[in-house]
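Below is one structure; the comments refer to it alone.
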Amino acid sequence: MARTNFDQLLQAGCHFGHLKRKWCPAMAPYIYTERNGIHIIDLHKTVVKIDDAAEALKNIARQGKKILFVGTKKQTKEVIAEKATSVNMPYVIERWPGGMLTNFPTIRKAVKKMANIDKLMNDGTFGNLSKRELLQVTRQRAKLEKNLGSIADLTRLPSALFVVDVQKENIAVREANRLGIPVFGIVDTNSDPKGVDFVIPANDDAKDSVEVILNACCAAITEGLEERKAEKADEKAAEAQAEAEAEEAAPKRTRRARKDDAAEAPVEEAPAAEEEEAPAAE
């Protein structure tokens with residue numbers, strides 16, 4: 001069953017592309033027609049692409065891996081933050097920090113620095129600082145929170161990137177390509193789909209368009225997470241049952257072992273009675 005349909009995408013305005021003169025020829029297979037100088041995206045193909053991307057995202061989530069959502073456009077950042085938070089995934093909606101993937105250890109140091117500032121503030125270490133020094137530390141903490149707060153729980157490289165507007169976030173796409181991280185992207189008619197593993201042709205400027213696509217993809221991620229929980233619960237139940245059966249069988253094995261030991265034990269022969277010597281004949 002399709003996760004979206006033609007009418008939903010049409011109502012959200014997913015079919016509106018960019019001006020014809022700004023198009024990328026590589027997007028030609030996904031363009032239905034042109035009206036008033038604007039390209040119209042073929043939503044039938046968009047439905048299929050959303051289903052493909054959603055199924056792949058579901059499999060990644062079922063394996064317990066992280067998907068990083070990226071989108072720094074003003075009109076879509078709130079939607080991205082909301083949907084990523086709903087599935088407990090990291091996201092970047094402010095400026096993309098260059099080298100975030102290719103120089104990930106440095107980014108982790110900055111995140112740890114933010115955590116250290118919090119720790120020192122809570123234990124009263126900064127109590128002796130002057131107002132000016134305290135203000136500087138507070139501003140530094142706020143800046144780190146703004147840029148890196150949403151990836152504080154990302155302790156290792158993500159297993160996939162979900163990008164809204166691959167043209168604007170081209171640095172993120174190139175870093176992911178360099179590291180072999182699969183890229184899922186909402187691609188408009190003015191963007192080059194090269195480097196995007198799962199292309200979702202749609203309007204990447206409208207909030208409603210991005211929201212309806214994220215709804216379908218995040219629903220698939222939620223299904224993957226639920227299946228992972230169910231699998232873990234089944235594994236724990238199976239382990240508990242195996243332990244219970246082992247404990248129940250242990251006394252039986254002990255009794256059987258004792259019987260076997262008793263049966264295999266060598267039987268000591270009784271010493272032969274000494275024959276009385278016959279009296280010597282006189």
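Labeling convention for the structure tokens: chains A, B, ... as they appear, residues from 1 per chain, ligands from 1 in order of appearance.
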Exercise. Name the residues of segment 85-213 of chain A that come out as alpha helix (DSSP H) in a backbone DSSP run; write them as a ChimeraX atom specification.
Key: /A:85-86,104-122,131-148,170-179,207-213
Generate a file of the selected residues that holds C-alpha atoms, formatted as an mmCIF file, in the first residue's frame.
```
data_model
loop_
_atom_site.group_PDB
_atom_site.id
_atom_site.type_symbol
_atom_site.label_atom_id
_atom_site.label_comp_id
_atom_site.auth_asym_id
_atom_site.auth_seq_id
_atom_site.Cartn_x
_atom_site.Cartn_y
_atom_site.Cartn_z
ATOM 1 C CA THR A 85 12.431 14.954 17.058
ATOM 2 C CA SER A 86 9.271 12.831 16.798
ATOM 3 C CA PHE A 104 33.516 14.264 12.823
ATOM 4 C CA PRO A 105 35.948 13.944 15.804
ATOM 5 C CA THR A 106 36.374 17.732 15.878
ATOM 6 C CA ILE A 107 32.611 18.222 15.962
ATOM 7 C CA ARG A 108 32.384 15.747 18.841
ATOM 8 C CA LYS A 109 34.959 17.780 20.762
ATOM 9 C CA ALA A 110 32.781 20.875 20.399
ATOM 10 C CA VAL A 111 29.767 18.923 21.680
ATOM 11 C CA LYS A 112 31.788 17.682 24.660
ATOM 12 C CA LYS A 113 32.881 21.249 25.356
ATOM 13 C CA MET A 114 29.225 22.249 25.601
ATOM 14 C CA ALA A 115 28.612 19.412 28.065
ATOM 15 C CA ASN A 116 31.648 20.461 30.137
ATOM 16 C CA ILE A 117 30.346 24.036 30.368
ATOM 17 C CA ASP A 118 27.027 22.714 31.669
ATOM 18 C CA LYS A 119 28.813 20.570 34.236
ATOM 19 C CA LEU A 120 30.969 23.445 35.504
ATOM 20 C CA MET A 121 27.935 25.723 35.729
ATOM 21 C CA ASN A 122 25.978 23.154 37.734
ATOM 22 C CA LYS A 131 30.103 39.184 35.099
ATOM 23 C CA ARG A 132 31.988 39.795 31.860
ATOM 24 C CA GLU A 133 33.653 36.357 31.881
ATOM 25 C CA LEU A 134 30.389 34.662 32.778
ATOM 26 C CA LEU A 135 28.631 36.473 29.935
ATOM 27 C CA GLN A 136 31.297 35.293 27.483
ATOM 28 C CA VAL A 137 30.916 31.675 28.621
ATOM 29 C CA THR A 138 27.114 31.923 28.425
ATOM 30 C CA ARG A 139 27.256 33.312 24.899
ATOM 31 C CA GLN A 140 29.653 30.569 23.839
ATOM 32 C CA ARG A 141 27.318 27.953 25.318
ATOM 33 C CA ALA A 142 24.310 29.462 23.513
ATOM 34 C CA LYS A 143 26.167 29.457 20.188
ATOM 35 C CA LEU A 144 27.169 25.824 20.593
ATOM 36 C CA GLU A 145 23.614 24.885 21.546
ATOM 37 C CA LYS A 146 22.208 26.630 18.487
ATOM 38 C CA ASN A 147 24.543 24.948 16.019
ATOM 39 C CA LEU A 148 25.205 21.578 17.646
ATOM 40 C CA ASN A 170 25.419 20.466 -1.497
ATOM 41 C CA ILE A 171 28.328 20.449 0.992
ATOM 42 C CA ALA A 172 26.500 17.936 3.188
ATOM 43 C CA VAL A 173 25.739 15.761 0.149
ATOM 44 C CA ARG A 174 29.375 15.827 -0.992
ATOM 45 C CA GLU A 175 30.637 14.876 2.465
ATOM 46 C CA ALA A 176 28.187 11.973 2.637
ATOM 47 C CA ASN A 177 29.214 10.799 -0.848
ATOM 48 C CA ARG A 178 32.853 10.913 0.155
ATOM 49 C CA LEU A 179 32.206 8.662 3.160
ATOM 50 C CA LYS A 207 6.360 23.968 3.911
ATOM 51 C CA ASP A 208 3.304 21.830 3.105
ATOM 52 C CA SER A 209 5.167 19.923 0.419
ATOM 53 C CA VAL A 210 8.074 19.086 2.721
ATOM 54 C CA GLU A 211 5.727 18.215 5.576
ATOM 55 C CA VAL A 212 3.642 15.676 3.643
ATOM 56 C CA ILE A 213 6.797 13.889 2.458
#
```
Quiz prompt | Neighbour list for Thr76 of chain A as a list of chain:residue names, cut-off 8 Å, only C-alpha atoms, skip fewer than 4 positions in-chain | solution =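 Skipping anything fewer than 4 positions along the chain leaves A:Gly71, A:Thr72, A:Ile80, A:Asp205, A:Ala206, A:Lys207, A:Val210.
The two atoms in question, atom CA of Ile93 of chain A and atom CA of Glu55 of chain A, are spaced 24.4 Å apart.
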Quiz item: Can you list, as a list in words, every protein, DNA or RNA residue that comes within 12 Å of Asp42 of chain A when you count only C-alpha atoms, leaving out same-chain residues fewer than 4 positions away?
Solution: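 Once the adjacent positions are removed, what remains is Phe6, Leu9, Leu10, Gly13, Cys14, His15, Phe16, Gly17, Met27, Ala28, Pro29, Tyr30, Ile31, Tyr32, Thr33, Glu34, Thr46, Val47, Val48, Lys49, Asp188, Thr189, Ile200, Pro201, Ala202 and Asn203 of chain A.
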Export, as a PDB file, in the first residue's frame, the selected residues with N, CA and C atoms.
```pdb
ATOM      1  N   PHE A   6      -1.590  10.511  -4.999  1.00  0.00           N
ATOM      2  CA  PHE A   6      -1.499  11.649  -5.921  1.00  0.00           C
ATOM      3  C   PHE A   6      -2.227  12.868  -5.372  1.00  0.00           C
ATOM      4  N   LEU A   9      -0.345  14.753  -2.482  1.00  0.00           N
ATOM      5  CA  LEU A   9       0.805  15.512  -2.984  1.00  0.00           C
ATOM      6  C   LEU A   9       0.347  16.723  -3.784  1.00  0.00           C
ATOM      7  N   LEU A  10      -0.715  16.549  -4.552  1.00  0.00           N
ATOM      8  CA  LEU A  10      -1.233  17.659  -5.350  1.00  0.00           C
ATOM      9  C   LEU A  10      -1.744  18.780  -4.454  1.00  0.00           C
ATOM     10  N   GLY A  13       0.951  20.876  -2.988  1.00  0.00           N
ATOM     11  CA  GLY A  13       1.744  21.667  -3.930  1.00  0.00           C
ATOM     12  C   GLY A  13       3.087  21.062  -4.269  1.00  0.00           C
ATOM     13  N   CYS A  14       3.190  19.742  -4.137  1.00  0.00           N
ATOM     14  CA  CYS A  14       4.467  19.081  -4.426  1.00  0.00           C
ATOM     15  C   CYS A  14       4.825  19.113  -5.906  1.00  0.00           C
ATOM     16  N   HIS A  15       3.842  19.404  -6.756  1.00  0.00           N
ATOM     17  CA  HIS A  15       4.070  19.336  -8.201  1.00  0.00           C
ATOM     18  C   HIS A  15       4.710  20.599  -8.777  1.00  0.00           C
ATOM     19  N   PHE A  16       4.764  21.678  -8.010  1.00  0.00           N
ATOM     20  CA  PHE A  16       5.317  22.930  -8.538  1.00  0.00           C
ATOM     21  C   PHE A  16       6.845  22.883  -8.552  1.00  0.00           C
ATOM     22  N   GLY A  17       7.403  23.006  -9.762  1.00  0.00           N
ATOM     23  CA  GLY A  17       8.843  23.075  -9.894  1.00  0.00           C
ATOM     24  C   GLY A  17       9.319  24.514  -9.996  1.00  0.00           C
ATOM     25  N   MET A  27      16.938  16.395 -14.340  1.00  0.00           N
ATOM     26  CA  MET A  27      15.627  16.171 -13.735  1.00  0.00           C
ATOM     27  C   MET A  27      14.535  15.938 -14.780  1.00  0.00           C
ATOM     28  N   ALA A  28      14.912  15.890 -16.048  1.00  0.00           N
ATOM     29  CA  ALA A  28      13.940  15.715 -17.135  1.00  0.00           C
ATOM     30  C   ALA A  28      13.036  14.487 -16.956  1.00  0.00           C
ATOM     31  N   PRO A  29      13.551  13.342 -16.485  1.00  0.00           N
ATOM     32  CA  PRO A  29      12.672  12.169 -16.343  1.00  0.00           C
ATOM     33  C   PRO A  29      11.533  12.365 -15.345  1.00  0.00           C
ATOM     34  N   TYR A  30      11.672  13.333 -14.456  1.00  0.00           N
ATOM     35  CA  TYR A  30      10.660  13.531 -13.418  1.00  0.00           C
ATOM     36  C   TYR A  30       9.726  14.704 -13.718  1.00  0.00           C
ATOM     37  N   ILE A  31       9.887  15.355 -14.865  1.00  0.00           N
ATOM     38  CA  ILE A  31       9.061  16.507 -15.218  1.00  0.00           C
ATOM     39  C   ILE A  31       7.919  16.057 -16.122  1.00  0.00           C
ATOM     40  N   TYR A  32       6.707  16.421 -15.754  1.00  0.00           N
ATOM     41  CA  TYR A  32       5.528  16.024 -16.511  1.00  0.00           C
ATOM     42  C   TYR A  32       5.272  16.973 -17.683  1.00  0.00           C
ATOM     43  N   THR A  33       5.259  18.266 -17.384  1.00  0.00           N
ATOM     44  CA  THR A  33       5.009  19.260 -18.432  1.00  0.00           C
ATOM     45  C   THR A  33       5.480  20.624 -17.946  1.00  0.00           C
ATOM     46  N   GLU A  34       5.157  21.650 -18.743  1.00  0.00           N
ATOM     47  CA  GLU A  34       5.534  23.033 -18.391  1.00  0.00           C
ATOM     48  C   GLU A  34       4.322  23.932 -18.602  1.00  0.00           C
ATOM     49  N   THR A  46       6.649  10.606  -8.143  1.00  0.00           N
ATOM     50  CA  THR A  46       6.981  11.020  -6.778  1.00  0.00           C
ATOM     51  C   THR A  46       6.424  10.024  -5.764  1.00  0.00           C
ATOM     52  N   VAL A  47       5.203   9.548  -5.986  1.00  0.00           N
ATOM     53  CA  VAL A  47       4.584   8.562  -5.081  1.00  0.00           C
ATOM     54  C   VAL A  47       5.450   7.312  -4.990  1.00  0.00           C
ATOM     55  N   VAL A  48       5.913   6.840  -6.135  1.00  0.00           N
ATOM     56  CA  VAL A  48       6.746   5.632  -6.176  1.00  0.00           C
ATOM     57  C   VAL A  48       8.068   5.866  -5.448  1.00  0.00           C
ATOM     58  N   LYS A  49       8.673   7.017  -5.692  1.00  0.00           N
ATOM     59  CA  LYS A  49       9.961   7.328  -5.073  1.00  0.00           C
ATOM     60  C   LYS A  49       9.843   7.471  -3.552  1.00  0.00           C
ATOM     61  N   ASP A 188      14.247  19.318  -6.280  1.00  0.00           N
ATOM     62  CA  ASP A 188      13.393  20.150  -7.126  1.00  0.00           C
ATOM     63  C   ASP A 188      13.958  20.175  -8.543  1.00  0.00           C
ATOM     64  N   THR A 189      13.250  20.806  -9.460  1.00  0.00           N
ATOM     65  CA  THR A 189      13.650  20.786 -10.867  1.00  0.00           C
ATOM     66  C   THR A 189      14.911  21.601 -11.144  1.00  0.00           C
ATOM     67  N   ILE A 200      13.683  12.010  -4.357  1.00  0.00           N
ATOM     68  CA  ILE A 200      12.247  12.251  -4.214  1.00  0.00           C
ATOM     69  C   ILE A 200      11.940  13.549  -4.962  1.00  0.00           C
ATOM     70  N   PRO A 201      11.495  13.476  -6.222  1.00  0.00           N
ATOM     71  CA  PRO A 201      11.237  14.701  -6.988  1.00  0.00           C
ATOM     72  C   PRO A 201      10.001  15.422  -6.455  1.00  0.00           C
ATOM     73  N   ALA A 202      10.194  16.630  -5.956  1.00  0.00           N
ATOM     74  CA  ALA A 202       9.070  17.384  -5.383  1.00  0.00           C
ATOM     75  C   ALA A 202       9.512  18.819  -5.109  1.00  0.00           C
ATOM     76  N   ASN A 203       8.533  19.639  -4.806  1.00  0.00           N
ATOM     77  CA  ASN A 203       8.772  21.032  -4.439  1.00  0.00           C
ATOM     78  C   ASN A 203       9.464  21.077  -3.084  1.00  0.00           C
TER      79      ASN A 203
END
```
Quiz item: So, counting only C-alpha atoms, which residue among A:Ser159, A:Asn36, A:Ser130, A:Asn88 is closest to Gln63 of chain A?
Solution: A:Ser159
Quiz item: Hey, which of A:Ile67, A:Val166, A:Lys73, A:Ile50 ends up closest to Leu154 of chain A? Count only C-alpha atoms.
Solution: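 Smallest separation from Leu154 of chain A among the options: A:Ile67.
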Exercise. Write out as a list of chain:residue names the residues lying within 7 Å of Ser150 of chain A, counting only C-alpha atoms and excluding same-chain residues fewer than 2 positions away.
Key: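 Non-adjacent residues within range: A:Pro90, A:Tyr91, A:Val92, A:Leu148, A:Ala152.
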Exercise. Mind giving me the straight-line distance from atom CA of Ile221 of chain A to atom CA of Val87 of chain A in Å, one decimal?
Key: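 Between these atoms lies a distance of 7.0 Å.
Shell of Arg3 of chain A at 9 Å, with only C-alpha atoms counted and residues fewer than 6 places along the chain excluded, is Val47, Ile50, Asp51, Ala54, Ala216, Cys217, Ala219 and Ala220 of chain A.
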Write a file of the just-selected residues containing N, CA and C atoms, as a CSV table (one decimal), in the first residue's frame.
```csv
chain,number,residue,atom,x,y,z
A,47,VAL,N,5.2,9.5,-6.0
A,47,VAL,CA,4.6,8.6,-5.1
A,47,VAL,C,5.4,7.3,-5.0
A,50,ILE,N,8.7,8.0,-3.1
A,50,ILE,CA,8.5,8.2,-1.6
A,50,ILE,C,8.4,6.8,-1.0
A,51,ASP,N,7.7,5.9,-1.7
A,51,ASP,CA,7.6,4.5,-1.1
A,51,ASP,C,8.9,3.8,-1.1
A,54,ALA,N,10.9,5.4,1.8
A,54,ALA,CA,10.4,5.1,3.1
A,54,ALA,C,10.7,3.7,3.5
A,216,ALA,N,5.3,10.9,5.7
A,216,ALA,CA,5.3,9.5,5.1
A,216,ALA,C,6.6,8.8,5.5
A,217,CYS,N,7.7,9.5,5.4
A,217,CYS,CA,9.0,8.9,5.7
A,217,CYS,C,9.2,8.7,7.2
A,219,ALA,N,6.8,8.2,9.3
A,219,ALA,CA,5.9,7.1,9.7
A,219,ALA,C,6.6,5.7,9.5
A,220,ALA,N,7.3,5.6,8.4
A,220,ALA,CA,8.1,4.4,8.1
A,220,ALA,C,9.2,4.2,9.1
```
